[in-house]
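Inspection log for the structure reproduced underneath, given as structure tokens.
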Amino acid sequence: MFHEIKRIKQVLSKEECIKILEEQLRGVLSLNGDDDYPYGMPLNHFYVQEENRLYFHGGKFGYKMDCIKRDNKCSYCVMKDVGVHENGWARLFESVIVFGKIHFVEDKSEIAAIARKLSHKFTLDDTYIEHEIKQDLPQTAMYYIEIEHMTGKRVTER
């Protein structure tokens with residue numbers, strides 16, 4: 001069902017893919033939009049290796065939520081800039097793409113706990129985090145990708 005990367009020398013190990021998911025702050029979630037047009041949007045994520053899940057948050061209403069409710073299959077792409085090739089101009093980067101299905105977190109205390117973990121990727125200011133959670137929790141949706149397949153590769157643009 002899922003295609004394997006053809007350029008075997010560029011393939012990242014599962015451990016390298018996980019490290020990228022843990023360290024990078026953002027990626028692009030792609031969904032099946034209206035009239036079968038793909039719909040991609042940048043999002044912050046939080047990866048939990050023990051659960052094999054990527055968590056996200058956002059508003060409870062809008063086009064993204066409509067797309068998810070209609071078809072919960074998705075892909076999510078994360079890129080890591082590695083630097084410049086020795087030739088001085090070609091960029092080096094690594095990318096991870098996950099495929100899976102999106103599910104919603106319903107329990108308010110679980111949503112708050114995940115929101116704290118996600119927020120700690122951006123700030124360690126617990127006072128600020130608690131204020132935001134208290135203020136925004138009623139209108140916050142929390143959802144996750146149950147990862148079914150993951151690929152990663154290292155690319156040199158030449």
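Chains: A, B, ... in order of the structure tokens. Residues: from 1 per chain. Ligands: from 1, in order shown.
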
Within 10 Å of region 1-4 of chain A, counting only C-alpha atoms, which residues show up once you throw out same-chain ones fewer than 4 positions away? Write them as a compact mmCIF listing (two decimals) with N, CA and C atoms, in the first residue's frame, please.
# COMPACT_ATOMS: atom_id res chain seq x y z
N ILE A 8 17.85 4.15 -2.25
CA ILE A 8 18.15 3.49 -0.99
C ILE A 8 19.26 4.21 -0.21
N VAL A 11 17.93 6.87 2.28
CA VAL A 11 16.96 6.50 3.30
C VAL A 11 17.52 6.75 4.70
N PHE A 99 2.32 8.74 7.37
CA PHE A 99 0.99 8.50 6.86
C PHE A 99 0.16 7.86 7.97
N GLU A 148 0.80 4.99 10.62
CA GLU A 148 0.75 3.69 9.99
C GLU A 148 2.01 3.39 9.19
N HIS A 149 2.64 4.45 8.67
CA HIS A 149 3.84 4.28 7.84
C HIS A 149 4.68 5.55 7.96
N MET A 150 6.00 5.37 7.98
CA MET A 150 6.91 6.51 8.10
C MET A 150 8.12 6.27 7.21
N THR A 151 8.48 7.30 6.45
CA THR A 151 9.69 7.23 5.64
C THR A 151 10.50 8.50 5.86

Where in region 2-158 of chain A does DSSP assign helix (DSSP H, G or I), given as a PyMOL selection string? chain A and resi 8-10+14-23+34-36+49-51+63-70+108-119+126-139

Selection from above, N, CA and C atoms, as a short mmCIF file (atom, residue, chain, number, x, y, z; two decimals), in the first residue's frame, can you write it?
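After the write, part_29.cif holds the following:
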data_model
loop_
_atom_site.label_atom_id
_atom_site.label_comp_id
_atom_site.auth_asym_id
_atom_site.auth_seq_id
_atom_site.Cartn_x
_atom_site.Cartn_y
_atom_site.Cartn_z
N ILE A 8 17.85 4.15 -2.25
CA ILE A 8 18.15 3.49 -0.99
C ILE A 8 19.26 4.21 -0.21
N LYS A 9 20.21 4.79 -0.90
CA LYS A 9 21.33 5.46 -0.22
C LYS A 9 20.87 6.70 0.54
N GLN A 10 19.71 7.23 0.23
CA GLN A 10 19.19 8.43 0.89
C GLN A 10 18.28 8.13 2.07
N LYS A 14 14.81 4.45 11.06
CA LYS A 14 13.65 4.79 11.89
C LYS A 14 14.09 5.71 13.03
N GLU A 15 15.24 5.43 13.62
CA GLU A 15 15.75 6.24 14.73
C GLU A 15 16.03 7.67 14.27
N GLU A 16 16.58 7.84 13.07
CA GLU A 16 16.83 9.19 12.54
C GLU A 16 15.51 9.92 12.27
N CYS A 17 14.53 9.21 11.77
CA CYS A 17 13.21 9.80 11.53
C CYS A 17 12.59 10.27 12.84
N ILE A 18 12.65 9.44 13.85
CA ILE A 18 12.09 9.79 15.16
C ILE A 18 12.78 11.02 15.73
N LYS A 19 14.09 11.09 15.61
CA LYS A 19 14.83 12.25 16.13
C LYS A 19 14.37 13.54 15.45
N ILE A 20 14.15 13.48 14.15
CA ILE A 20 13.66 14.66 13.42
C ILE A 20 12.27 15.05 13.90
N LEU A 21 11.38 14.07 14.07
CA LEU A 21 10.03 14.37 14.55
C LEU A 21 10.06 14.98 15.95
N GLU A 22 10.97 14.51 16.79
CA GLU A 22 11.07 15.02 18.15
C GLU A 22 11.67 16.43 18.20
N GLU A 23 12.66 16.68 17.36
CA GLU A 23 13.40 17.94 17.44
C GLU A 23 12.78 19.10 16.66
N ASP A 34 -11.73 19.71 -0.56
CA ASP A 34 -12.90 19.74 -1.43
C ASP A 34 -12.54 19.32 -2.85
N ASP A 35 -13.46 18.61 -3.48
CA ASP A 35 -13.31 18.17 -4.87
C ASP A 35 -12.01 17.41 -5.09
N ASP A 36 -11.53 16.70 -4.08
CA ASP A 36 -10.32 15.89 -4.12
C ASP A 36 -9.04 16.69 -4.33
N GLN A 49 6.79 8.91 21.03
CA GLN A 49 7.30 7.66 20.46
C GLN A 49 6.60 6.43 21.03
N GLU A 50 6.35 6.42 22.34
CA GLU A 50 5.74 5.25 22.97
C GLU A 50 4.35 4.96 22.43
N GLU A 51 3.67 6.00 21.96
CA GLU A 51 2.32 5.85 21.43
C GLU A 51 2.29 5.78 19.91
N TYR A 63 -12.20 24.85 8.00
CA TYR A 63 -12.02 23.98 6.84
C TYR A 63 -11.21 22.74 7.17
N LYS A 64 -10.13 22.92 7.94
CA LYS A 64 -9.29 21.77 8.32
C LYS A 64 -10.13 20.72 9.04
N MET A 65 -10.94 21.16 10.00
CA MET A 65 -11.77 20.23 10.75
C MET A 65 -12.81 19.56 9.85
N ASP A 66 -13.37 20.32 8.91
CA ASP A 66 -14.31 19.73 7.96
C ASP A 66 -13.65 18.62 7.15
N CYS A 67 -12.43 18.87 6.69
CA CYS A 67 -11.70 17.88 5.90
C CYS A 67 -11.42 16.62 6.71
N ILE A 68 -10.98 16.81 7.97
CA ILE A 68 -10.67 15.66 8.83
C ILE A 68 -11.91 14.83 9.09
N LYS A 69 -13.02 15.48 9.37
CA LYS A 69 -14.26 14.75 9.67
C LYS A 69 -14.78 14.00 8.46
N ARG A 70 -14.51 14.52 7.27
CA ARG A 70 -14.95 13.87 6.04
C ARG A 70 -14.06 12.66 5.70
N LYS A 108 -10.87 16.48 28.47
CA LYS A 108 -10.32 17.83 28.69
C LYS A 108 -9.00 17.81 29.45
N SER A 109 -8.86 16.94 30.43
CA SER A 109 -7.60 16.90 31.19
C SER A 109 -6.47 16.36 30.32
N GLU A 110 -6.77 15.43 29.44
CA GLU A 110 -5.76 14.92 28.52
C GLU A 110 -5.37 16.00 27.50
N ILE A 111 -6.35 16.75 27.03
CA ILE A 111 -6.06 17.86 26.10
C ILE A 111 -5.13 18.86 26.77
N ALA A 112 -5.40 19.22 28.03
CA ALA A 112 -4.55 20.18 28.75
C ALA A 112 -3.14 19.63 28.94
N ALA A 113 -3.02 18.35 29.28
CA ALA A 113 -1.69 17.74 29.49
C ALA A 113 -0.88 17.74 28.19
N ILE A 114 -1.50 17.41 27.09
CA ILE A 114 -0.80 17.39 25.80
C ILE A 114 -0.45 18.82 25.39
N ALA A 115 -1.35 19.76 25.64
CA ALA A 115 -1.08 21.17 25.32
C ALA A 115 0.15 21.67 26.08
N ARG A 116 0.31 21.26 27.33
CA ARG A 116 1.49 21.64 28.11
C ARG A 116 2.77 21.11 27.46
N LYS A 117 2.74 19.84 27.07
CA LYS A 117 3.92 19.23 26.46
C LYS A 117 4.26 19.90 25.13
N LEU A 118 3.26 20.17 24.33
CA LEU A 118 3.47 20.86 23.06
C LEU A 118 4.03 22.26 23.30
N SER A 119 3.47 22.96 24.27
CA SER A 119 3.91 24.32 24.57
C SER A 119 5.36 24.36 25.05
N ASP A 126 5.97 28.50 32.45
CA ASP A 126 4.77 27.76 32.89
C ASP A 126 3.61 28.69 33.23
N THR A 127 3.89 29.87 33.72
CA THR A 127 2.81 30.82 34.03
C THR A 127 2.06 31.19 32.75
N TYR A 128 2.81 31.48 31.71
CA TYR A 128 2.20 31.81 30.42
C TYR A 128 1.41 30.62 29.88
N ILE A 129 2.01 29.44 29.93
CA ILE A 129 1.35 28.23 29.41
C ILE A 129 0.03 27.98 30.14
N GLU A 130 0.04 28.05 31.46
CA GLU A 130 -1.18 27.80 32.23
C GLU A 130 -2.26 28.84 31.94
N HIS A 131 -1.84 30.09 31.77
CA HIS A 131 -2.80 31.14 31.42
C HIS A 131 -3.46 30.83 30.08
N GLU A 132 -2.65 30.46 29.08
CA GLU A 132 -3.19 30.17 27.75
C GLU A 132 -4.11 28.95 27.77
N ILE A 133 -3.72 27.92 28.51
CA ILE A 133 -4.56 26.72 28.58
C ILE A 133 -5.90 27.06 29.24
N LYS A 134 -5.85 27.79 30.35
CA LYS A 134 -7.09 28.16 31.04
C LYS A 134 -8.00 28.99 30.14
N GLN A 135 -7.39 29.89 29.39
CA GLN A 135 -8.17 30.79 28.53
C GLN A 135 -8.71 30.08 27.30
N ASP A 136 -7.91 29.21 26.68
CA ASP A 136 -8.27 28.66 25.37
C ASP A 136 -8.79 27.23 25.37
N LEU A 137 -8.70 26.51 26.48
CA LEU A 137 -9.10 25.10 26.50
C LEU A 137 -10.53 24.86 25.99
N PRO A 138 -11.51 25.68 26.35
CA PRO A 138 -12.88 25.39 25.89
C PRO A 138 -13.03 25.37 24.35
N GLN A 139 -12.23 26.16 23.65
CA GLN A 139 -12.36 26.19 22.19
C GLN A 139 -11.22 25.47 21.46
#

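Candidate residues A:Ile5, A:Ile102, A:Val155, A:Met142 were compared for distance to Ser75 (chain A), and the nearest is A:Ile102, using only C-alpha atoms.
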
CA of Val28 (chain A) sits from CA of Leu124 (chain A) at a separation of 24.5 Å

If you run DSSP on this backbone, which residues of chain A come out as strand (DSSP E), and could you give them as an mmCIF file with C-alpha atoms, in the first residue's frame?
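Contents of part_29.cif, freshly written:
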data_model
loop_
_atom_site.group_PDB
_atom_site.id
_atom_site.type_symbol
_atom_site.label_atom_id
_atom_site.label_comp_id
_atom_site.auth_asym_id
_atom_site.auth_seq_id
_atom_site.Cartn_x
_atom_site.Cartn_y
_atom_site.Cartn_z
ATOM 1 C CA ARG A 26 6.651 22.250 12.591
ATOM 2 C CA GLY A 27 5.565 20.362 9.537
ATOM 3 C CA VAL A 28 2.855 20.359 6.885
ATOM 4 C CA LEU A 29 -0.326 18.351 7.386
ATOM 5 C CA SER A 30 -1.962 17.280 4.123
ATOM 6 C CA LEU A 31 -5.602 16.285 3.920
ATOM 7 C CA ASN A 32 -8.119 15.415 1.245
ATOM 8 C CA PRO A 38 -5.091 18.241 -1.548
ATOM 9 C CA TYR A 39 -5.103 20.691 1.344
ATOM 10 C CA GLY A 40 -1.848 21.263 3.204
ATOM 11 C CA MET A 41 -1.214 23.568 6.133
ATOM 12 C CA PRO A 42 1.776 24.188 8.420
ATOM 13 C CA LEU A 43 1.291 23.086 12.029
ATOM 14 C CA ASN A 44 3.182 22.679 15.286
ATOM 15 C CA PHE A 46 4.372 16.978 19.462
ATOM 16 C CA TYR A 47 5.649 13.436 18.848
ATOM 17 C CA VAL A 48 5.168 10.648 21.414
ATOM 18 C CA ARG A 53 1.515 9.359 17.541
ATOM 19 C CA LEU A 54 1.912 12.963 16.436
ATOM 20 C CA TYR A 55 -0.288 15.402 18.360
ATOM 21 C CA PHE A 56 -1.675 18.732 17.108
ATOM 22 C CA HIS A 57 -4.031 21.396 18.386
ATOM 23 C CA GLY A 58 -6.243 23.985 16.784
ATOM 24 C CA GLY A 59 -9.710 25.456 16.717
ATOM 25 C CA LYS A 73 -6.507 9.821 6.192
ATOM 26 C CA CYS A 74 -3.544 12.164 6.057
ATOM 27 C CA SER A 75 0.165 12.667 5.577
ATOM 28 C CA TYR A 76 2.485 14.933 7.509
ATOM 29 C CA CYS A 77 5.879 16.147 6.258
ATOM 30 C CA VAL A 78 8.673 17.524 8.443
ATOM 31 C CA MET A 79 11.906 18.977 7.046
ATOM 32 C CA LYS A 80 15.222 19.618 8.743
ATOM 33 C CA ASP A 81 17.780 21.925 7.136
ATOM 34 C CA VAL A 82 21.170 20.229 7.474
ATOM 35 C CA GLY A 83 23.389 22.846 5.840
ATOM 36 C CA VAL A 84 25.267 23.511 2.629
ATOM 37 C CA ARG A 91 21.381 22.728 0.238
ATOM 38 C CA LEU A 92 21.314 19.577 2.315
ATOM 39 C CA PHE A 93 18.111 18.609 4.103
ATOM 40 C CA GLU A 94 16.403 15.647 5.677
ATOM 41 C CA SER A 95 12.697 14.976 5.572
ATOM 42 C CA VAL A 96 10.242 12.630 7.215
ATOM 43 C CA ILE A 97 6.782 11.827 5.896
ATOM 44 C CA VAL A 98 4.259 9.977 8.011
ATOM 45 C CA PHE A 99 0.986 8.501 6.859
ATOM 46 C CA GLY A 100 -1.935 7.604 9.068
ATOM 47 C CA LYS A 101 -5.360 8.444 10.329
ATOM 48 C CA ILE A 102 -6.357 11.364 12.511
ATOM 49 C CA HIS A 103 -8.284 10.815 15.744
ATOM 50 C CA PHE A 104 -9.612 13.360 18.241
ATOM 51 C CA VAL A 105 -8.760 13.580 21.934
ATOM 52 C CA THR A 140 -9.305 23.964 21.612
ATOM 53 C CA ALA A 141 -9.414 20.744 19.629
ATOM 54 C CA MET A 142 -6.634 18.226 20.176
ATOM 55 C CA TYR A 143 -6.047 15.497 17.640
ATOM 56 C CA TYR A 144 -3.362 13.035 16.661
ATOM 57 C CA ILE A 145 -2.117 10.963 13.792
ATOM 58 C CA GLU A 146 -1.951 7.264 14.529
ATOM 59 C CA ILE A 147 1.144 6.594 12.404
ATOM 60 C CA GLU A 148 0.745 3.686 9.991
ATOM 61 C CA HIS A 149 3.840 4.279 7.839
ATOM 62 C CA MET A 150 6.907 6.511 8.100
ATOM 63 C CA THR A 151 9.694 7.233 5.635
ATOM 64 C CA GLY A 152 12.660 9.546 5.784
ATOM 65 C CA LYS A 153 15.438 10.572 3.442
ATOM 66 C CA ARG A 154 18.502 12.774 3.165
ATOM 67 C CA VAL A 155 18.614 15.001 0.096
ATOM 68 C CA THR A 156 21.358 17.013 -1.563
#

- request: Enter the distance from CA of Glu106 (chain A) to CA of Asn72 (chain A), in Å, rounded to one decimal.
  value: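 That distance, rounded to one decimal, is 16.0 Å.
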